[in-house]
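my_file-v8.csv, holding CSV, C-alpha atoms:
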chain,number,residue,atom,x,y,z
A,97,MET,CA,66.1,-18.2,77.3
A,98,LYS,CA,67.4,-15.2,75.4
A,99,ASP,CA,67.0,-12.1,77.5
A,100,LEU,CA,64.6,-10.7,74.9
A,101,PHE,CA,61.7,-12.7,76.4
A,102,ASP,CA,59.8,-11.0,79.2
A,103,THR,CA,59.8,-12.9,82.5
A,104,ALA,CA,57.4,-11.7,85.2
A,105,GLY,CA,59.4,-10.6,88.3
A,106,VAL,CA,62.8,-11.3,86.7
A,107,ARG,CA,64.9,-8.6,85.2
A,108,THR,CA,64.7,-8.5,81.4
A,109,THR,CA,67.2,-6.1,79.8
A,110,TYR,CA,66.8,-6.8,76.1
A,111,GLY,CA,70.6,-6.7,76.1
A,112,SER,CA,70.5,-2.9,76.6
A,113,ALA,CA,71.5,-0.4,79.3
A,114,VAL,CA,68.2,1.4,78.5
A,115,PHE,CA,66.4,-1.5,80.3
A,116,SER,CA,69.0,-2.3,82.9
A,117,ASP,CA,66.4,-2.1,85.7
A,118,HIS,CA,63.4,-3.4,83.8
A,119,VAL,CA,61.3,-6.1,85.6
A,120,PRO,CA,58.3,-7.1,83.5
A,121,THR,CA,54.9,-7.9,85.2
A,122,GLU,CA,54.0,-10.5,82.6
A,123,THR,CA,55.8,-13.4,81.0
A,124,ALA,CA,56.1,-13.9,77.2
A,125,THR,CA,53.4,-16.2,75.9
A,126,TRP,CA,55.7,-18.9,74.5
A,127,VAL,CA,57.6,-19.1,77.8
A,128,THR,CA,54.3,-19.6,79.7
A,129,GLN,CA,53.3,-22.3,77.3
A,130,LEU,CA,56.6,-24.1,77.8
A,131,GLU,CA,56.4,-23.8,81.5
A,132,ASP,CA,52.8,-25.2,81.5
A,133,ALA,CA,54.2,-28.1,79.4
A,134,GLY,CA,56.8,-28.9,82.1
A,135,TRP,CA,59.9,-27.1,80.9
A,136,VAL,CA,61.9,-25.2,83.5
A,137,ASN,CA,63.6,-21.9,82.9
A,138,ALA,CA,67.2,-22.4,83.8
A,139,GLY,CA,68.1,-18.7,83.3
A,140,LYS,CA,68.3,-15.7,81.0
A,141,THR,CA,71.1,-15.6,78.3
A,142,ASN,CA,73.1,-12.6,76.9
A,143,LEU,CA,72.6,-11.3,73.4
A,144,HIS,CA,73.6,-8.7,71.0
A,145,GLU,CA,72.0,-5.4,72.2
A,146,PHE,CA,68.3,-5.2,71.2
A,147,ALA,CA,69.0,-8.3,69.1
A,148,TYR,CA,70.5,-6.1,66.4
A,149,GLY,CA,73.8,-7.8,65.6
A,150,VAL,CA,75.4,-11.1,64.6
A,151,THR,CA,78.2,-11.5,67.1
A,152,SER,CA,76.8,-11.0,70.6
A,153,GLN,CA,79.5,-8.5,71.3
A,154,ASN,CA,77.5,-6.8,74.0
A,155,LEU,CA,79.2,-3.6,75.2
A,156,HIS,CA,77.0,-3.5,78.4
A,157,TYR,CA,76.9,-7.1,79.7
A,158,GLY,CA,80.0,-8.6,78.0
A,159,VAL,CA,80.9,-10.5,74.9
A,160,VAL,CA,79.3,-14.0,74.7
A,161,PRO,CA,82.2,-16.5,74.4
A,162,ASN,CA,82.1,-19.5,72.1
A,163,PRO,CA,82.6,-22.5,74.5
A,164,SER,CA,83.0,-25.0,71.7
A,165,PHE,CA,85.6,-23.0,69.8
A,166,PRO,CA,87.4,-20.5,72.0
A,167,GLY,CA,88.6,-17.4,70.3
A,168,ARG,CA,85.8,-17.6,67.7
A,169,THR,CA,82.6,-15.6,67.8
A,170,ALA,CA,79.5,-17.3,69.2
A,171,GLY,CA,77.4,-15.6,66.6
A,172,GLY,CA,74.3,-13.6,67.3
A,173,SER,CA,72.1,-12.2,68.3
A,174,SER,CA,71.0,-15.4,70.2
A,175,GLY,CA,74.6,-16.1,71.1
A,176,GLY,CA,74.1,-16.6,74.8
A,177,THR,CA,71.5,-19.3,74.2
A,178,ALA,CA,73.8,-21.1,71.7
A,179,ALA,CA,76.7,-20.9,74.2
A,180,ALA,CA,74.7,-22.3,77.1
A,181,ILE,CA,73.6,-25.3,75.0
A,182,ALA,CA,77.1,-25.9,73.6
A,183,LEU,CA,78.4,-25.8,77.2
A,184,GLY,CA,75.9,-28.4,78.2
A,185,LEU,CA,74.2,-26.2,80.8
A,186,VAL,CA,70.7,-26.7,79.4
A,187,ASP,CA,68.8,-29.2,77.2
A,188,ALA,CA,67.4,-26.6,74.9
A,189,GLY,CA,66.9,-22.9,74.6
A,190,LEU,CA,64.8,-20.1,73.2
A,191,GLY,CA,66.1,-17.7,70.6
A,192,THR,CA,64.7,-15.1,68.2
A,193,ASP,CA,65.5,-14.7,64.5
A,194,THR,CA,64.9,-11.6,62.4
A,195,GLY,CA,67.8,-11.9,60.0
A,196,GLY,CA,69.5,-15.1,61.1
A,197,SER,CA,69.8,-14.7,64.9
A,198,ILE,CA,69.0,-18.3,65.7
A,199,ARG,CA,70.8,-20.0,62.8
A,200,ILE,CA,74.0,-17.9,62.8
A,201,PRO,CA,74.9,-18.7,66.5
A,202,ALA,CA,73.8,-22.3,65.9
A,203,ALA,CA,76.3,-22.5,63.0
A,204,CYS,CA,79.1,-20.8,65.0
A,205,CYS,CA,78.7,-23.0,68.1
A,206,GLY,CA,78.1,-26.3,66.3
A,207,ILE,CA,74.5,-26.9,67.4
A,208,ALA,CA,71.0,-26.9,65.8
A,209,GLY,CA,68.6,-24.0,65.5
A,210,PHE,CA,65.2,-23.7,63.9
A,211,LYS,CA,63.4,-20.6,62.6
A,212,PRO,CA,59.8,-21.7,62.1
A,213,THR,CA,57.2,-20.4,59.7
A,214,TYR,CA,56.4,-16.8,60.5
A,215,GLY,CA,53.7,-16.7,63.2
A,216,LEU,CA,53.9,-20.4,64.2
A,217,LEU,CA,55.2,-19.4,67.6
A,218,PRO,CA,53.8,-16.4,69.5
A,219,ILE,CA,56.1,-13.4,70.0
A,220,ASP,CA,53.9,-11.6,72.5
A,221,GLY,CA,56.2,-10.5,75.3
A,222,VAL,CA,59.3,-10.5,73.1
A,223,PHE,CA,60.9,-7.1,72.4
A,224,PRO,CA,60.6,-6.4,68.7
A,225,LEU,CA,63.5,-5.8,66.3
A,226,ALA,CA,61.5,-5.7,63.0
A,227,PRO,CA,58.1,-7.1,63.6
A,228,SER,CA,57.2,-8.5,60.2
A,229,PHE,CA,60.6,-10.3,60.1
A,230,ASP,CA,60.7,-11.4,63.8
A,231,HIS,CA,60.5,-15.1,64.7
A,232,ALA,CA,60.9,-17.0,67.9
A,233,GLY,CA,62.3,-20.5,67.7
A,234,PRO,CA,64.1,-23.4,69.5
A,235,MET,CA,67.8,-24.1,69.7
A,236,ALA,CA,69.3,-27.4,70.9
A,237,ARG,CA,72.3,-29.7,70.6
A,238,ASP,CA,70.6,-31.6,67.7
A,239,VAL,CA,67.4,-31.5,65.6
A,240,ALA,CA,65.6,-33.9,68.0
A,241,GLY,CA,66.1,-31.3,70.8
A,242,CYS,CA,64.5,-28.6,68.7
A,243,ILE,CA,61.5,-30.9,68.0
A,244,ASP,CA,61.1,-31.6,71.7
A,245,LEU,CA,61.0,-27.9,72.6
A,246,LEU,CA,58.5,-27.3,69.8
A,247,GLY,CA,56.3,-30.2,70.9
A,248,ILE,CA,55.2,-31.1,67.3
A,249,ASP,CA,54.9,-34.5,65.6
A,250,VAL,CA,57.5,-35.2,63.0
A,251,ALA,CA,57.2,-38.4,60.9
A,252,PRO,CA,60.5,-40.2,60.2
A,253,MET,CA,61.8,-39.9,56.6
A,254,THR,CA,64.9,-40.9,54.7
A,255,LEU,CA,66.7,-38.7,52.2
A,256,GLU,CA,65.5,-40.9,49.4
A,257,ASP,CA,61.9,-39.8,50.3
A,258,LEU,CA,62.7,-36.2,49.5
A,259,SER,CA,63.8,-34.1,46.5
A,260,PHE,CA,66.2,-31.3,47.3
A,261,ALA,CA,67.3,-28.2,45.4
A,262,VAL,CA,70.6,-26.5,46.5
A,263,ALA,CA,71.6,-22.9,46.3
A,264,TRP,CA,74.7,-20.8,47.0
A,265,ALA,CA,77.1,-23.6,47.6
A,266,ASP,CA,79.3,-22.2,45.0
A,267,ARG,CA,79.6,-19.0,47.0
A,268,ALA,CA,80.9,-20.8,50.1
A,269,GLU,CA,84.4,-21.7,51.2
A,270,PRO,CA,85.6,-24.9,49.7
A,271,LEU,CA,85.1,-27.3,52.7
A,272,VAL,CA,81.8,-25.7,53.6
A,273,ARG,CA,80.7,-26.2,50.0
A,274,GLU,CA,81.8,-29.8,50.2
A,275,ARG,CA,79.7,-30.5,53.3
A,276,VAL,CA,76.6,-28.9,51.8
A,277,LEU,CA,76.9,-30.8,48.5
A,278,ALA,CA,77.1,-34.1,50.5
A,279,VAL,CA,73.3,-33.8,50.4
A,280,ARG,CA,72.2,-34.9,46.9
A,281,ALA,CA,70.4,-32.0,45.4
A,282,GLU,CA,69.9,-30.1,42.1
A,283,PRO,CA,71.5,-26.6,41.8
A,284,VAL,CA,69.0,-23.8,41.4
A,285,ASP,CA,69.4,-20.0,41.2
A,286,PHE,CA,67.6,-19.0,44.4
A,287,PRO,CA,67.4,-15.3,45.1
A,288,THR,CA,69.1,-13.5,47.9
A,289,ALA,CA,67.3,-10.6,49.4
A,290,GLU,CA,69.6,-7.6,49.8
A,291,SER,CA,67.1,-5.3,48.1
A,292,VAL,CA,64.5,-6.1,50.9
A,293,SER,CA,66.8,-4.8,53.6
A,294,PRO,CA,65.4,-1.3,53.7
A,295,ALA,CA,62.0,-2.7,54.7
A,296,PHE,CA,63.7,-4.4,57.6
A,297,MET,CA,65.5,-1.2,58.5
A,298,ARG,CA,62.3,0.9,58.4
A,299,GLU,CA,60.7,-1.4,60.9
A,300,VAL,CA,63.8,-1.2,63.2
A,301,GLY,CA,63.6,2.5,62.9
A,302,ASP,CA,59.9,2.6,63.9
A,303,VAL,CA,60.6,0.5,67.0
A,304,HIS,CA,63.4,2.9,68.2
A,305,ARG,CA,62.0,6.2,66.7
A,306,ASP,CA,60.9,7.5,70.1
A,307,LEU,CA,63.1,5.5,72.4
A,308,TYR,CA,66.5,6.4,70.8
A,309,PRO,CA,66.4,10.2,71.0
A,310,GLU,CA,65.7,10.1,74.7
A,311,ASN,CA,68.4,7.4,75.4
A,312,ALA,CA,71.0,7.7,72.7
A,313,GLU,CA,73.9,7.8,75.1
A,314,LEU,CA,72.9,4.5,76.6
A,315,TYR,CA,73.0,2.7,73.2
A,316,GLY,CA,76.2,0.7,72.5
A,317,ASP,CA,78.6,2.1,69.9
A,318,ASN,CA,78.2,-1.0,67.7
A,319,ILE,CA,74.5,-0.5,67.2
A,320,ARG,CA,74.1,3.3,67.5
A,321,GLY,CA,75.0,4.0,63.9
A,322,LYS,CA,72.8,1.2,62.6
A,323,ILE,CA,69.8,2.6,64.6
A,324,GLU,CA,70.4,6.1,63.3
A,325,ARG,CA,70.5,4.9,59.7
A,326,CYS,CA,67.2,3.0,60.2
A,327,ILE,CA,65.5,6.0,61.7
A,328,ALA,CA,66.7,8.2,58.8
A,329,LEU,CA,65.4,5.8,56.1
A,330,ASP,CA,63.0,7.6,53.7
A,331,ASP,CA,59.6,6.5,52.4
A,332,ALA,CA,60.8,6.0,48.9
A,333,GLU,CA,63.5,3.5,50.0
A,334,TYR,CA,60.9,1.7,52.1
A,335,GLU,CA,58.3,1.4,49.4
A,336,ALA,CA,60.9,0.2,46.9
A,337,ALA,CA,62.0,-2.5,49.4
A,338,GLN,CA,58.4,-3.6,49.9
A,339,ARG,CA,58.0,-4.1,46.2
A,340,ALA,CA,61.3,-6.0,46.2
A,341,ARG,CA,59.9,-8.2,49.0
A,342,ALA,CA,56.9,-9.1,47.0
A,343,ASP,CA,59.0,-9.9,44.0
A,344,HIS,CA,61.4,-12.0,46.1
A,345,ALA,CA,58.4,-14.1,47.4
A,346,GLU,CA,57.1,-14.7,43.9
A,347,ARG,CA,60.5,-15.7,42.5
A,348,ALA,CA,61.4,-17.9,45.4
A,349,LEU,CA,58.2,-20.0,45.0
A,350,ALA,CA,58.9,-20.3,41.3
A,351,VAL,CA,62.5,-21.5,41.7
A,352,LEU,CA,61.5,-24.1,44.3
A,353,GLU,CA,58.7,-25.5,42.1
A,354,GLY,CA,59.2,-29.3,41.7
A,355,TYR,CA,61.3,-29.8,44.8
A,356,ASP,CA,60.3,-30.6,48.3
A,357,LEU,CA,63.0,-28.6,50.1
A,358,LEU,CA,66.0,-26.3,49.6
A,359,VAL,CA,69.5,-26.8,51.1
A,360,THR,CA,72.1,-24.0,51.4
A,361,PRO,CA,75.1,-23.2,53.5
A,362,THR,CA,73.9,-21.4,56.7
A,363,MET,CA,76.9,-19.2,56.3
A,364,ALA,CA,79.6,-19.2,53.5
A,365,PHE,CA,82.3,-19.6,56.1
A,366,VAL,CA,83.0,-21.0,59.5
A,367,ALA,CA,82.9,-19.0,62.7
A,368,PRO,CA,85.3,-16.0,62.4
A,369,PRO,CA,87.5,-14.7,65.2
A,370,ALA,CA,85.7,-13.2,68.2
A,371,ASP,CA,87.0,-9.7,67.6
A,372,VAL,CA,85.5,-9.2,64.2
A,373,ILE,CA,84.0,-5.7,63.7
A,374,GLU,CA,80.3,-6.5,63.6
A,375,PRO,CA,79.0,-3.7,61.3
A,376,GLU,CA,81.6,-4.6,58.7
A,377,ILE,CA,80.7,-8.3,58.5
A,378,ARG,CA,77.0,-8.2,59.2
A,379,GLY,CA,76.0,-8.5,55.5
A,380,ALA,CA,78.2,-11.5,54.9
A,381,PHE,CA,76.7,-13.3,58.0
A,382,THR,CA,73.1,-12.8,57.0
A,383,LEU,CA,73.4,-13.2,53.2
A,384,PHE,CA,72.0,-16.8,53.3
A,385,THR,CA,69.7,-16.5,56.3
A,386,PHE,CA,67.9,-13.2,55.8
A,387,PRO,CA,66.1,-14.3,52.6
A,388,PHE,CA,63.9,-16.6,54.7
A,389,ASN,CA,63.0,-13.9,57.2
A,390,ALA,CA,61.9,-11.8,54.2
A,391,LEU,CA,59.8,-14.8,53.1
A,392,GLY,CA,58.7,-16.1,56.5
A,393,TRP,CA,59.7,-19.7,55.5
A,394,PRO,CA,60.8,-22.3,58.0
A,395,ALA,CA,64.6,-22.7,58.0
A,396,LEU,CA,66.8,-25.1,60.1
A,397,ALA,CA,70.5,-24.9,60.7
A,398,LEU,CA,72.4,-28.0,61.7
A,399,PRO,CA,76.1,-28.9,62.0
A,400,ALA,CA,77.5,-30.8,59.0
A,401,GLY,CA,81.0,-31.8,60.1
A,402,PRO,CA,84.4,-30.1,60.1
A,403,ALA,CA,85.3,-27.5,57.4
A,404,GLU,CA,88.0,-24.8,57.3
A,405,ASN,CA,90.3,-24.7,60.3
A,406,GLY,CA,88.5,-27.8,61.7
A,407,LEU,CA,85.5,-25.7,62.6
A,408,PRO,CA,82.0,-27.0,61.7
A,409,ALA,CA,80.1,-26.2,58.6
A,410,SER,CA,76.4,-25.7,58.9
A,411,ILE,CA,73.7,-26.8,56.5
A,412,GLN,CA,70.5,-24.8,56.2
A,413,VAL,CA,67.3,-26.8,55.3
A,414,VAL,CA,64.4,-24.7,54.1
A,415,GLY,CA,60.8,-25.4,53.2
A,416,ARG,CA,57.7,-23.5,52.2
A,417,PRO,CA,55.4,-21.9,54.7
A,418,GLY,CA,53.8,-24.5,56.9
A,419,ASP,CA,56.3,-27.2,56.1
A,420,ASP,CA,58.0,-27.0,59.5
A,421,ALA,CA,57.6,-30.8,60.2
A,422,LEU,CA,58.9,-31.7,56.8
A,423,VAL,CA,62.0,-29.4,57.3
A,424,LEU,CA,62.7,-31.0,60.7
A,425,ALA,CA,62.2,-34.5,59.3
A,426,ALA,CA,64.7,-33.8,56.6
A,427,GLY,CA,67.1,-32.4,59.3
A,428,LEU,CA,66.8,-35.7,61.2
A,429,ALA,CA,67.5,-37.6,58.0
A,430,ILE,CA,70.6,-35.5,57.2
A,431,GLU,CA,71.9,-36.0,60.8
A,432,THR,CA,71.5,-39.7,60.4
A,433,ALA,CA,73.3,-39.7,57.0
A,434,LEU,CA,76.2,-37.6,58.4
A,435,LYS,CA,76.7,-40.1,61.2
A,436,ALA,CA,76.8,-43.1,58.8
I'd like the structure from this file rewritten - as structure tokens, please.
Amino acid sequence: MKDLFDTAGVRTTYGSAVFSDHVPTETATWVTQLEDAGWVNAGKTNLHEFAYGVTSQNLHYGVVPNPSFPGRTAGGSSGGTAAAIALGLVDAGLGTDTGGSIRIPAACCGIAGFKPTYGLLPIDGVFPLAPSFDHAGPMARDVAGCIDLLGIDVAPMTLEDLSFAVAWADRAEPLVRERVLAVRAEPVDFPTAESVSPAFMREVGDVHRDLYPENAELYGDNIRGKIERCIALDDAEYEAAQRARADHAERALAVLEGYDLLVTPTMAFVAPPADVIEPEIRGAFTLFTFPFNALGWPALALPAGPAENGLPASIQVVGRPGDDALVLAAGLAIETALKA
């Protein structure tokens, strides 16, 4: 599991030097539920510091490598979990997703990752990034593995049973676009959510408002500037972003009316080199994933076959709140179609 989940008696750092000696006395609720169901914790995985980054370039505990595609980023912030799964060390793993932190590393490492409907899984005992955007979710080699970890019933479906809209394929690299458009769907103008970002930033700032001033020198250079901008965000920016979030939700529901599900690229591109400068590329990584954190909608990333440089494209399947089983059923159907 990502080292953002508390584990009683086991060091839990949240990827930060601030908590290098932190040993919780209680275990995160979802972890306890999984252990009660018979799952065994195989270990804690590295992450981008405080889960605030998309590359898992951790300046305290090391950069997470991409075992499937050496020299490429493993993605983040749940990069360690994705890498452990891709390497075959575990059957499935736990990640968190506030702007794409399950789906981005899944895309980069060629595995599946699912961000459920907001609140479906408990996040008690998980260090927050931006609480109203935070989700916990499963990662696995395939969609079936995510379903196993969730422990929910998913009825089999075929693609012919479902109607899909598609968005943002025209903004992706050519081979990524080709993979996404292999799913028969009607193009729609679905909104992205850049204008909601200040609401996310304000919540990050609130989490670190007291912690950062006392420990600034222990924060890594690749998150320090982001944290400072979040703390400095003013009320007017936050309030405008809250209004934009409400507008985003209203428009998203209207655009999807008449369709069962939405498909998009998870990212517009394949995994970039491991030495990318995270603050410079963060917006491009989260462009197609963050809109569904702002909405709290379920979103699944699954590998869709080779694209640019022979690296995998990733398809994102999205449903309305509560349609988690439908999204996962569609993911299974897409996997089957891709293997045909």
Quick one: everything within 9 Å of stretch 254-271 of chain A, counting only C-alpha atoms, minus sequence neighbours fewer than 2 positions away in the same chain. Send it as JSON, numbers by chain. {"A": [252, 273, 274, 275, 276, 277, 279, 280, 281, 282, 283, 284, 285, 286, 287, 352, 354, 355, 356, 357, 358, 359, 360, 361, 363, 364, 365, 366, 384, 402, 403, 404, 409, 425, 426, 428, 429, 430, 432, 433]}
Distance query stretch 164-170 of chain A at most 6 Å, only C-alpha atoms, self and fewer than 6 positions along chain excluded, as a VMD selection string: chain A and resid 201 204 to 205 367 to 370
Set the distance at 7 Å and use all atoms listed in the file: which residues neighbour stretch 206-220 of chain A once local chain neighbours fewer than 6 positions away are removed? I'd like the list as a list in words. Ala124, Thr125, Trp126, Ala182, Asp193, Ile198, Arg199, His231, Ala232, Gly233, Pro234, Met235, Ala236, Arg237, Asp238, Val239, Cys242, Gly392, Trp393, Pro394, Ala395, Leu396, Ala397, Leu398, Pro399, Pro408, Pro417, Gly418 and Asp420 of chain A
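Candidate residues A:Gly427, A:Gly321, A:Pro224, A:Pro375 were compared for distance to A:Gly415, and the nearest is A:Gly427, using all atoms listed in the file.
Note that atom CA of A:Gly149 and atom CA of A:Asp230 are 13.7 Å apart.
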Near-stretch 104-111 of chain A list (6 Å; all atoms listed in the file; drop same-chain fewer than 4 positions) as a VMD selection string: chain A and resid 99 to 100 115 to 116 118 to 123 143 145 to 146
Counting all atoms listed in the file, which residues in stretch 135-230 of chain A sit no more than 9 Å from stretch 293-307 of chain A? For each one, give the nearest pair of atoms and the distance in Å, sorted by chain then residue number, as JSON lines.
{"residue": "A:Tyr148", "atom": "CA", "partner": "A:Val300", "partner_atom": "CA", "distance": 8.9}
{"residue": "A:Thr194", "atom": "CA", "partner": "A:Phe296", "partner_atom": "CA", "distance": 8.7}
{"residue": "A:Gly195", "atom": "CA", "partner": "A:Phe296", "partner_atom": "CA", "distance": 8.9}
{"residue": "A:Pro224", "atom": "CA", "partner": "A:Val303", "partner_atom": "CA", "distance": 7.1}
{"residue": "A:Leu225", "atom": "CA", "partner": "A:Val300", "partner_atom": "CA", "distance": 5.6}
{"residue": "A:Ala226", "atom": "CA", "partner": "A:Glu299", "partner_atom": "CA", "distance": 4.9}
{"residue": "A:Pro227", "atom": "CA", "partner": "A:Glu299", "partner_atom": "CA", "distance": 6.8}
{"residue": "A:Ser228", "atom": "CA", "partner": "A:Glu299", "partner_atom": "CA", "distance": 7.9}
{"residue": "A:Phe229", "atom": "CA", "partner": "A:Phe296", "partner_atom": "CA", "distance": 7.1}
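Shortest atom-to-atom contact with A:Phe381 among A:Gly191, A:Gly247, A:Pro161, A:Gly196: A:Gly196, counting only C-alpha atoms.
Distances here use only C-alpha atoms; by that measure, the residue among A:Ala332, A:Val414, A:Val423, A:Val372 closest to A:Val159 is A:Val372.
The gap separating atom CA of A:Asp132 from atom CA of A:Ile181 is 21.8 Å, in Å to one decimal.
Interatomic distance, atom CA of A:Gln338 to atom CA of A:Arg325: 17.7 Å.
Using all atoms listed in the file, the shortest contact distance between A:Ala113 and any of A:His156, A:Arg320, A:Lys435, A:His144 is found at A:His156.
Closest to A:Leu434 among A:Asn389, A:Pro309, A:Ala278, A:Ala421 is A:Ala278, based on all atoms listed in the file.
Residue nearest A:Ser152 within the list A:Val222, A:Val413, A:Ile319, A:Ala337: A:Ile319 [criterion: smallest interatomic distance, only C-alpha atoms].
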File contents for stretch 148-210 of chain A with C-alpha atoms as a PDB file, in the first residue's frame:
ATOM      1  CA  TYR A 148       1.573  16.265  -4.184  1.00  0.00           C
ATOM      2  CA  GLY A 149       3.115  15.372  -7.519  1.00  0.00           C
ATOM      3  CA  VAL A 150       2.689  13.303 -10.669  1.00  0.00           C
ATOM      4  CA  THR A 151       6.138  11.702 -11.077  1.00  0.00           C
ATOM      5  CA  SER A 152       7.028  10.061  -7.722  1.00  0.00           C
ATOM      6  CA  GLN A 153      10.376  11.850  -7.841  1.00  0.00           C
ATOM      7  CA  ASN A 154      10.836  11.685  -4.085  1.00  0.00           C
ATOM      8  CA  LEU A 155      13.851  13.697  -2.952  1.00  0.00           C
ATOM      9  CA  HIS A 156      13.980  11.963   0.450  1.00  0.00           C
ATOM     10  CA  TYR A 157      13.359   8.288  -0.316  1.00  0.00           C
ATOM     11  CA  GLY A 158      14.337   7.989  -3.970  1.00  0.00           C
ATOM     12  CA  VAL A 159      12.710   8.259  -7.381  1.00  0.00           C
ATOM     13  CA  VAL A 160      10.265   5.432  -8.108  1.00  0.00           C
ATOM     14  CA  PRO A 161      11.491   3.576 -11.211  1.00  0.00           C
ATOM     15  CA  ASN A 162       9.197   2.313 -13.948  1.00  0.00           C
ATOM     16  CA  PRO A 163       9.913  -1.438 -14.094  1.00  0.00           C
ATOM     17  CA  SER A 164       7.864  -1.943 -17.256  1.00  0.00           C
ATOM     18  CA  PHE A 165       9.497   0.862 -19.229  1.00  0.00           C
ATOM     19  CA  PRO A 166      12.954   1.716 -17.831  1.00  0.00           C
ATOM     20  CA  GLY A 167      13.959   5.320 -18.276  1.00  0.00           C
ATOM     21  CA  ARG A 168      10.336   6.502 -18.213  1.00  0.00           C
ATOM     22  CA  THR A 169       8.506   8.003 -15.257  1.00  0.00           C
ATOM     23  CA  ALA A 170       6.383   5.661 -13.160  1.00  0.00           C
ATOM     24  CA  GLY A 171       3.908   8.503 -12.688  1.00  0.00           C
ATOM     25  CA  GLY A 172       2.553   9.676  -9.398  1.00  0.00           C
ATOM     26  CA  SER A 173       1.744  10.179  -6.785  1.00  0.00           C
ATOM     27  CA  SER A 174       0.934   6.466  -6.280  1.00  0.00           C
ATOM     28  CA  GLY A 175       3.965   5.466  -8.336  1.00  0.00           C
ATOM     29  CA  GLY A 176       5.381   2.946  -5.883  1.00  0.00           C
ATOM     30  CA  THR A 177       2.174   0.927  -5.844  1.00  0.00           C
ATOM     31  CA  ALA A 178       2.009   0.909  -9.652  1.00  0.00           C
ATOM     32  CA  ALA A 179       5.652  -0.168  -9.875  1.00  0.00           C
ATOM     33  CA  ALA A 180       5.182  -3.017  -7.364  1.00  0.00           C
ATOM     34  CA  ILE A 181       2.219  -4.323  -9.355  1.00  0.00           C
ATOM     35  CA  ALA A 182       3.973  -3.982 -12.710  1.00  0.00           C
ATOM     36  CA  LEU A 183       6.957  -5.849 -11.283  1.00  0.00           C
ATOM     37  CA  GLY A 184       4.704  -8.699 -10.155  1.00  0.00           C
ATOM     38  CA  LEU A 185       5.548  -8.312  -6.465  1.00  0.00           C
ATOM     39  CA  VAL A 186       1.888  -8.095  -5.402  1.00  0.00           C
ATOM     40  CA  ASP A 187      -1.560  -9.050  -6.692  1.00  0.00           C
ATOM     41  CA  ALA A 188      -3.038  -5.597  -6.159  1.00  0.00           C
ATOM     42  CA  GLY A 189      -2.348  -2.406  -4.274  1.00  0.00           C
ATOM     43  CA  LEU A 190      -3.782   0.667  -2.614  1.00  0.00           C
ATOM     44  CA  GLY A 191      -3.421   4.142  -4.004  1.00  0.00           C
ATOM     45  CA  THR A 192      -4.920   7.575  -3.465  1.00  0.00           C
ATOM     46  CA  ASP A 193      -6.131   9.990  -6.123  1.00  0.00           C
ATOM     47  CA  THR A 194      -6.695  13.729  -5.666  1.00  0.00           C
ATOM     48  CA  GLY A 195      -5.926  14.907  -9.200  1.00  0.00           C
ATOM     49  CA  GLY A 196      -5.070  11.659 -10.977  1.00  0.00           C
ATOM     50  CA  SER A 197      -2.649   9.969  -8.595  1.00  0.00           C
ATOM     51  CA  ILE A 198      -4.015   6.459  -9.195  1.00  0.00           C
ATOM     52  CA  ARG A 199      -4.771   6.782 -12.891  1.00  0.00           C
ATOM     53  CA  ILE A 200      -1.569   8.560 -13.972  1.00  0.00           C
ATOM     54  CA  PRO A 201       0.850   5.905 -12.608  1.00  0.00           C
ATOM     55  CA  ALA A 202      -1.479   3.187 -13.906  1.00  0.00           C
ATOM     56  CA  ALA A 203      -1.177   4.745 -17.367  1.00  0.00           C
ATOM     57  CA  CYS A 204       2.591   5.135 -17.119  1.00  0.00           C
ATOM     58  CA  CYS A 205       3.214   1.566 -15.919  1.00  0.00           C
ATOM     59  CA  GLY A 206       0.672  -0.174 -18.150  1.00  0.00           C
ATOM     60  CA  ILE A 207      -1.696  -1.401 -15.426  1.00  0.00           C
ATOM     61  CA  ALA A 208      -5.264  -0.643 -14.286  1.00  0.00           C
ATOM     62  CA  GLY A 209      -6.260   1.845 -11.616  1.00  0.00           C
ATOM     63  CA  PHE A 210      -9.677   2.888 -10.352  1.00  0.00           C
TER      64      PHE A 210
END
